[in-house]
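Content type TSV, C-alpha atoms, from the file my_file-v2.tsv:
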```tsv
chain	number	residue	atom	x	y	z
A	238	MET	CA	0.00	0.00	0.00
A	239	LEU	CA	1.45	3.37	-1.03
A	240	PHE	CA	-0.09	6.50	0.46
A	241	ILE	CA	0.27	10.05	-0.76
A	242	LEU	CA	-0.46	12.53	2.02
A	243	SER	CA	-1.11	15.96	0.53
A	244	LYS	CA	-2.98	17.63	3.38
A	245	GLY	CA	-1.77	19.16	6.63
A	246	THR	CA	-4.80	18.70	8.86
A	247	ILE	CA	-4.53	16.31	11.76
A	248	GLU	CA	-7.39	14.05	10.64
A	249	ASN	CA	-5.79	13.49	7.26
A	250	ALA	CA	-2.39	12.78	8.75
A	251	TYR	CA	-3.91	10.24	11.15
A	252	ALA	CA	-5.89	8.62	8.35
A	253	ALA	CA	-2.65	7.98	6.48
A	254	PHE	CA	-0.79	6.84	9.60
A	255	VAL	CA	-3.50	4.46	10.82
A	256	MET	CA	-3.86	2.87	7.39
A	257	ALA	CA	-0.11	2.60	6.77
A	258	ASN	CA	0.46	1.14	10.23
A	259	GLY	CA	-2.55	-1.15	9.84
A	260	ALA	CA	-1.05	-2.49	6.64
A	261	ARG	CA	2.27	-3.30	8.34
A	262	MET	CA	0.41	-5.01	11.19
A	263	GLU	CA	-1.26	-7.26	8.63
A	264	GLY	CA	2.07	-8.08	7.03
A	265	ILE	CA	1.49	-5.77	4.05
A	266	GLU	CA	4.24	-3.45	2.80
A	267	SER	CA	3.46	0.25	3.20
A	268	GLU	CA	5.04	3.60	2.35
A	269	ILE	CA	3.95	7.23	2.70
A	270	PHE	CA	4.89	10.03	0.29
A	271	PHE	CA	4.46	13.46	1.91
A	272	THR	CA	3.71	16.27	-0.50
A	273	PHE	CA	2.44	19.85	-0.35
A	274	PHE	CA	0.72	20.51	3.00
A	275	GLY	CA	1.30	16.90	3.98
A	276	LEU	CA	4.89	18.02	4.60
A	277	GLU	CA	3.65	19.72	7.78
A	278	ALA	CA	3.45	16.24	9.30
A	279	ILE	CA	7.19	15.59	8.87
A	280	GLN	CA	8.57	19.03	9.78
A	281	LYS	CA	10.20	18.80	13.19
A	282	LYS	CA	8.88	22.20	14.30
A	283	LYS	CA	5.35	21.75	13.02
A	284	LEU	CA	4.37	18.12	13.40
A	285	GLU	CA	3.04	18.40	16.95
A	286	HIS	CA	0.95	21.43	15.97
A	287	LEU	CA	-1.30	19.94	13.30
A	288	ARG	CA	-4.91	21.01	13.64
A	289	VAL	CA	-8.37	19.96	12.64
A	290	ALA	CA	-9.99	22.38	10.14
A	291	THR	CA	-12.99	24.12	11.70
A	292	VAL	CA	-13.78	26.24	8.65
A	293	GLY	CA	-15.15	24.56	5.56
A	294	ASN	CA	-15.68	21.29	7.42
A	295	PRO	CA	-19.43	20.56	7.50
A	296	ALA	CA	-18.92	17.33	9.45
A	297	LEU	CA	-18.06	19.36	12.55
A	298	HIS	CA	-21.60	20.83	12.49
A	299	MET	CA	-20.26	24.21	13.48
A	300	PRO	CA	-21.31	27.46	11.79
A	301	THR	CA	-18.54	28.69	9.50
A	302	MET	CA	-18.51	32.09	11.24
A	303	LEU	CA	-17.92	30.42	14.60
A	304	GLY	CA	-15.23	28.12	13.21
A	305	GLY	CA	-13.26	31.16	12.11
A	306	LEU	CA	-13.13	32.81	15.53
A	307	PRO	CA	-9.74	32.92	17.27
A	308	GLY	CA	-9.05	29.89	19.42
A	309	VAL	CA	-11.87	27.73	18.04
A	310	GLU	CA	-9.57	25.66	15.86
A	311	ALA	CA	-7.17	25.13	18.76
A	312	LEU	CA	-10.03	24.11	21.05
A	313	ALA	CA	-11.50	21.66	18.53
A	314	THR	CA	-8.02	20.18	18.02
A	315	LYS	CA	-7.49	19.84	21.76
A	316	MET	CA	-10.78	18.00	22.13
A	317	MET	CA	-9.98	15.68	19.28
A	318	LYS	CA	-6.51	14.91	20.65
A	319	LYS	CA	-8.06	14.10	24.02
A	320	GLU	CA	-10.38	11.57	22.41
A	321	MET	CA	-7.46	10.09	20.47
A	322	GLU	CA	-5.40	9.74	23.63
A	323	LYS	CA	-8.26	7.77	25.21
A	324	LEU	CA	-7.96	5.30	22.35
A	325	ASP	CA	-4.19	5.12	22.89
A	326	MET	CA	-3.48	6.88	19.59
A	327	PRO	CA	0.12	8.07	19.69
A	328	PRO	CA	0.95	11.74	19.06
A	329	VAL	CA	2.22	12.53	15.54
A	330	GLY	CA	5.95	12.34	16.38
A	331	GLU	CA	5.61	9.01	18.18
A	332	PHE	CA	3.39	7.63	15.43
A	333	LEU	CA	6.09	8.44	12.86
A	334	GLU	CA	8.66	6.60	15.00
A	335	ILE	CA	6.34	3.58	15.22
A	336	LEU	CA	5.80	3.62	11.45
A	337	SER	CA	9.51	3.87	10.75
A	338	ASP	CA	10.36	1.07	13.22
A	339	SER	CA	7.60	-1.05	11.66
A	340	GLY	CA	9.31	-0.85	8.28
A	341	CYS	CA	6.97	1.70	6.70
A	342	LYS	CA	9.05	3.86	4.35
A	343	LEU	CA	8.60	7.62	4.70
A	344	TRP	CA	9.38	9.84	1.70
A	345	GLY	CA	9.38	13.59	1.12
A	346	CYS	CA	8.30	15.10	-2.21
A	347	LYS	CA	11.21	16.95	-3.84
A	348	LEU	CA	9.10	19.51	-5.68
A	349	ALA	CA	7.09	20.51	-2.60
A	350	ILE	CA	10.20	20.60	-0.39
A	351	ASP	CA	11.87	22.95	-2.89
A	352	MET	CA	8.73	25.04	-3.14
A	353	PHE	CA	8.48	25.53	0.63
A	354	HIS	CA	12.28	26.16	0.84
A	355	LEU	CA	12.75	23.34	3.31
A	356	GLU	CA	16.12	21.79	4.17
A	357	ARG	CA	16.76	18.16	5.07
A	358	GLU	CA	17.39	19.18	8.71
A	359	ASP	CA	13.89	20.73	8.91
A	360	LEU	CA	12.46	17.26	8.39
A	361	ILE	CA	12.26	14.31	10.78
A	362	ASP	CA	15.31	12.06	11.13
A	363	GLU	CA	13.18	8.98	10.31
A	364	LEU	CA	12.61	10.22	6.74
A	365	ASP	CA	13.96	7.62	4.29
A	366	GLY	CA	14.68	10.13	1.56
A	367	ILE	CA	13.44	12.81	-0.82
A	368	LEU	CA	11.93	11.57	-4.07
A	369	THR	CA	10.54	12.91	-7.31
A	370	ILE	CA	7.13	11.64	-8.31
A	371	GLY	CA	8.88	9.51	-10.92
A	372	ASP	CA	10.97	7.83	-8.21
A	373	PHE	CA	7.80	7.19	-6.26
A	374	TYR	CA	6.03	5.65	-9.25
A	375	ALA	CA	9.03	3.40	-9.74
A	376	ARG	CA	8.46	2.11	-6.20
A	377	ALA	CA	4.82	1.43	-7.10
A	378	ASP	CA	5.82	-0.63	-10.11
A	379	GLN	CA	5.06	-4.03	-8.60
A	380	GLU	CA	2.20	-6.43	-9.03
A	381	GLY	CA	-0.67	-5.82	-6.60
A	382	THR	CA	0.46	-2.36	-5.47
A	383	HIS	CA	-2.25	0.02	-4.38
A	384	LEU	CA	-1.85	3.81	-4.42
A	385	LEU	CA	-4.01	5.98	-2.21
A	386	PHE	CA	-4.22	9.78	-2.36
A	387	ILE	CA	-5.15	11.54	0.85
B	69	MET	CA	-14.15	-25.99	15.27
B	70	LYS	CA	-11.59	-28.61	16.27
B	71	LYS	CA	-8.03	-28.65	15.03
B	72	LEU	CA	-5.31	-31.21	15.63
B	73	ILE	CA	-2.38	-29.35	17.18
B	74	ALA	CA	0.55	-31.23	18.72
B	75	GLN	CA	-1.50	-34.47	18.50
B	76	ARG	CA	-4.35	-32.96	20.49
B	77	GLU	CA	-7.80	-31.78	19.53
B	78	ILE	CA	-7.95	-28.05	20.23
B	79	ASP	CA	-10.91	-25.65	19.86
B	80	VAL	CA	-10.06	-22.84	17.45
B	81	ASN	CA	-11.94	-20.18	15.51
B	82	GLU	CA	-12.00	-19.94	11.71
B	83	GLU	CA	-8.72	-17.98	11.76
B	84	GLY	CA	-7.02	-20.61	13.87
B	85	TYR	CA	-6.97	-18.68	17.17
B	86	LEU	CA	-7.50	-20.75	20.30
B	87	LEU	CA	-10.94	-20.38	21.83
B	88	ASP	CA	-9.90	-21.59	25.26
B	89	PHE	CA	-6.56	-20.44	26.65
B	90	ASN	CA	-6.61	-23.31	29.15
B	91	GLN	CA	-5.93	-25.67	26.25
B	92	TRP	CA	-2.65	-23.85	25.51
B	93	ASP	CA	0.76	-25.01	26.61
B	94	LYS	CA	4.29	-24.63	25.25
B	95	GLU	CA	3.91	-27.65	22.95
B	96	ILE	CA	0.84	-26.08	21.36
B	97	GLY	CA	2.75	-22.79	21.04
B	98	LYS	CA	5.67	-24.55	19.35
B	99	SER	CA	3.41	-26.37	16.95
B	100	LEU	CA	1.54	-23.14	15.99
B	101	ALA	CA	4.90	-21.39	15.51
B	102	ASP	CA	6.04	-24.22	13.19
B	103	GLU	CA	2.92	-23.71	11.08
B	104	ASN	CA	3.99	-20.08	10.68
B	105	SER	CA	7.60	-21.08	9.87
B	106	ILE	CA	8.91	-19.59	13.11
B	107	SER	CA	11.28	-21.50	15.35
B	108	LEU	CA	10.89	-20.13	18.83
B	109	THR	CA	13.94	-18.73	20.63
B	110	ASP	CA	14.26	-17.44	24.20
B	111	ARG	CA	13.42	-13.96	22.90
B	112	HIS	CA	10.17	-15.25	21.40
B	113	TRP	CA	9.24	-16.82	24.74
B	114	GLU	CA	9.94	-13.57	26.57
B	115	VAL	CA	7.50	-11.82	24.25
B	116	ILE	CA	4.93	-14.59	24.67
B	117	ASP	CA	5.25	-14.27	28.48
B	118	PHE	CA	4.65	-10.54	28.12
B	119	LEU	CA	1.55	-11.17	25.97
B	120	HIS	CA	0.20	-13.64	28.53
B	121	GLU	CA	0.73	-11.12	31.30
B	122	LYS	CA	-1.22	-8.47	29.38
B	123	TYR	CA	-3.94	-11.05	28.64
B	124	ARG	CA	-4.24	-12.00	32.31
B	125	LYS	CA	-4.55	-8.33	33.27
B	126	GLU	CA	-7.11	-7.89	30.47
B	127	GLU	CA	-5.09	-5.01	29.03
B	128	PRO	CA	-5.61	-4.46	25.30
B	129	LEU	CA	-2.63	-5.04	23.03
B	130	SER	CA	-1.39	-2.43	20.58
B	131	ILE	CA	1.82	-1.73	18.74
B	132	ARG	CA	2.26	1.34	20.97
B	133	GLY	CA	2.03	-0.94	23.99
B	134	ILE	CA	4.84	-3.07	22.54
B	135	LYS	CA	6.97	0.07	22.16
B	136	LYS	CA	6.38	0.92	25.82
B	137	SER	CA	6.72	-2.68	27.06
B	138	GLY	CA	10.39	-2.53	27.98
B	139	VAL	CA	10.58	-6.17	26.81
B	140	ILE	CA	11.09	-5.63	23.11
B	141	ASP	CA	11.23	-2.77	20.60
B	142	ILE	CA	9.08	-2.61	17.48
B	143	LYS	CA	11.89	-3.45	15.03
B	144	GLU	CA	12.79	-6.66	16.84
B	145	PHE	CA	9.10	-7.51	17.25
B	146	TYR	CA	8.65	-7.37	13.47
B	147	SER	CA	11.78	-9.44	12.89
B	148	LEU	CA	10.77	-12.14	15.40
B	149	PHE	CA	7.20	-12.49	14.11
B	150	PRO	CA	7.20	-11.61	10.40
B	151	GLY	CA	3.94	-11.18	8.53
B	152	GLY	CA	2.03	-9.10	11.06
B	153	PRO	CA	3.67	-9.40	14.49
B	154	LEU	CA	0.71	-8.90	16.83
B	155	LYS	CA	-1.47	-11.17	14.74
B	156	VAL	CA	1.12	-13.95	14.59
B	157	SER	CA	2.41	-13.66	18.16
B	158	THR	CA	-1.05	-13.75	19.72
B	159	LEU	CA	-1.95	-16.79	17.62
B	160	ILE	CA	1.13	-18.63	18.88
B	161	ALA	CA	0.48	-17.45	22.45
B	162	GLY	CA	-3.03	-18.93	22.30
B	163	ILE	CA	-4.81	-15.66	23.08
B	164	PRO	CA	-7.41	-13.77	21.01
B	165	LYS	CA	-6.36	-11.66	18.03
B	166	PRO	CA	-6.22	-7.98	19.08
B	167	LYS	CA	-9.22	-6.01	17.88
B	168	SER	CA	-7.55	-2.57	17.86
B	169	CYS	CA	-6.80	-0.65	14.63
B	170	ILE	CA	-3.60	0.65	16.15
```
Would you write the structure of this file as structure tokens?
Amino acid sequence: MLFILSKGTIENAYAAFVMANGARMEGIESEIFFTFFGLEAIQKKKLEHLRVATVGNPALHMPTMLGGLPGVEALATKMMKKEMEKLDMPPVGEFLEILSDSGCKLWGCKLAIDMFHLEREDLIDELDGILTIGDFYARADQEGTHLLFI
Amino acid sequence: MKKLIAQREIDVNEEGYLLDFNQWDKEIGKSLADENSISLTDRHWEVIDFLHEKYRKEEPLSIRGIKKSGVIDIKEFYSLFPGGPLKVSTLIAGIPKPKSCI
């Protein structure tokens, strides 16, 4: 299973992590390619500050005006993290360590890294490398490979 | 259903997990490990002891729990029980397959 994480909200990051980890736990190979805002999840300074989007997210059942008020996003994120902790969901940094130790390969997208002017040292130590999309497709070139865009 | 494991009739579910832990002993564990092409070393037994302890305390198993166990790290866990470590190790240990997604 190959995952492309393109979004920087906490629920999208966790979706990728839970599925990639779940694959490893079932004995299935898994890799994650972080691109565009998905790079937030592998930046040392940002990864513990991912948030849930309170604006433009109808599933939260919160009026858009309210969602945009200062502190609302932080509060919603805090509540969600509390629920996750109850389920023993690891924080982002620990989850990345677990994934890496489990043999899930973690890749950064070269184009997006260049675009955001990021250096290798801005990114987590567990990162297995920086790839072009062509490199990533080459990794997908095996029978039975599934690619999932998040 | 019944399955012949180590020359004994054992109650298992459709995935091969033991239904009654009281029917488990080391011989059964060894035989289940053989079926999964694993030859059990002292390290495997240490992990199995840890799993039994968690089972007795009715504490749910997760990969995060393995990381915190102090018995084994995740890398070694994967190398000892290839092909889905929690799934395989709990099967050998004769306890139910963990239901958690993490």
Shell around His383 of chain A at 8 Å using all atoms listed in the file, local window under 6 positions removed, as a compact mmCIF listing (two decimals) with C-alpha atoms, in the coordinates of the input:
```
# COMPACT_ATOMS: atom_id res chain seq x y z
CA MET A 238 0.00 0.00 0.00
CA LEU A 239 1.45 3.37 -1.03
CA ALA A 377 4.82 1.43 -7.10
```
Who sits within 12 Å of Glu95 of chain B, all atoms listed in the file, same chain under 4 positions skipped, as a PyMOL selection string: chain B and resi 73-76+91+99-102+108+160-162
Atom-to-atom span, atom CA of Lys94 of chain B and atom CA of Lys136 of chain B, Å: 25.6 Å
Contact check, chain A to chain B, at most 10 Å, counting all atoms listed in the file, closest pairs as a tab-separated table:
```
residue	atom	partner	partner_atom	distance
A:Phe254	CA	B:Ile170	CA	9.4
A:Val255	CA	B:Ile170	CA	6.6
A:Met256	CA	B:Cys169	CA	8.6
A:Asn258	CA	B:Ile170	CA	7.2
A:Gly259	CA	B:Cys169	CA	6.4
A:Ala260	CA	B:Gly152	CA	8.5
A:Arg261	CA	B:Gly152	CA	6.4
A:Met262	CA	B:Gly152	CA	4.4
A:Glu263	CA	B:Gly152	CA	4.5
A:Gly264	CA	B:Gly151	CA	3.9
A:Ile265	CA	B:Gly151	CA	7.4
A:Glu266	CA	B:Gly151	CA	9.6
A:Leu324	CA	B:Ile170	CA	8.9
A:Asp325	CA	B:Arg132	CA	7.7
A:Met326	CA	B:Ile170	CA	7.1
A:Pro327	CA	B:Arg132	CA	7.2
A:Glu331	CA	B:Arg132	CA	8.8
A:Phe332	CA	B:Arg132	CA	8.5
A:Glu334	CA	B:Ile142	CA	9.5
A:Ile335	CA	B:Ile142	CA	7.1
A:Leu336	CA	B:Ile142	CA	9.3
A:Ser337	CA	B:Lys143	CA	8.8
A:Asp338	CA	B:Lys143	CA	5.1
A:Ser339	CA	B:Lys143	CA	6.0
A:Gly340	CA	B:Lys143	CA	7.7
```
Residues near segment 352-356 of chain A, anyone? I mean within 9 Å using all atoms listed in the file, not counting same-chain ones fewer than 5 positions away, as a PyMOL selection string. chain A and resi 273+280+347
Atomic distance atom CA of Tyr123 of chain B - atom CA of Ala257 of chain A, expressed in Å with one decimal: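 Spanning atom CA of Tyr123 of chain B to atom CA of Ala257 of chain A is a straight-line distance of 26.1 Å.
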Once 3 Å is added on each side, what centre and edge lengths in Å to one decimal does the axis-aligned box around all listed atoms of segment 69-83 of chain B have, as JSON?
```
{"center_x": -6.8, "center_y": -26.2, "center_z": 16.1, "size_x": 20.7, "size_y": 22.5, "size_z": 14.8}
```
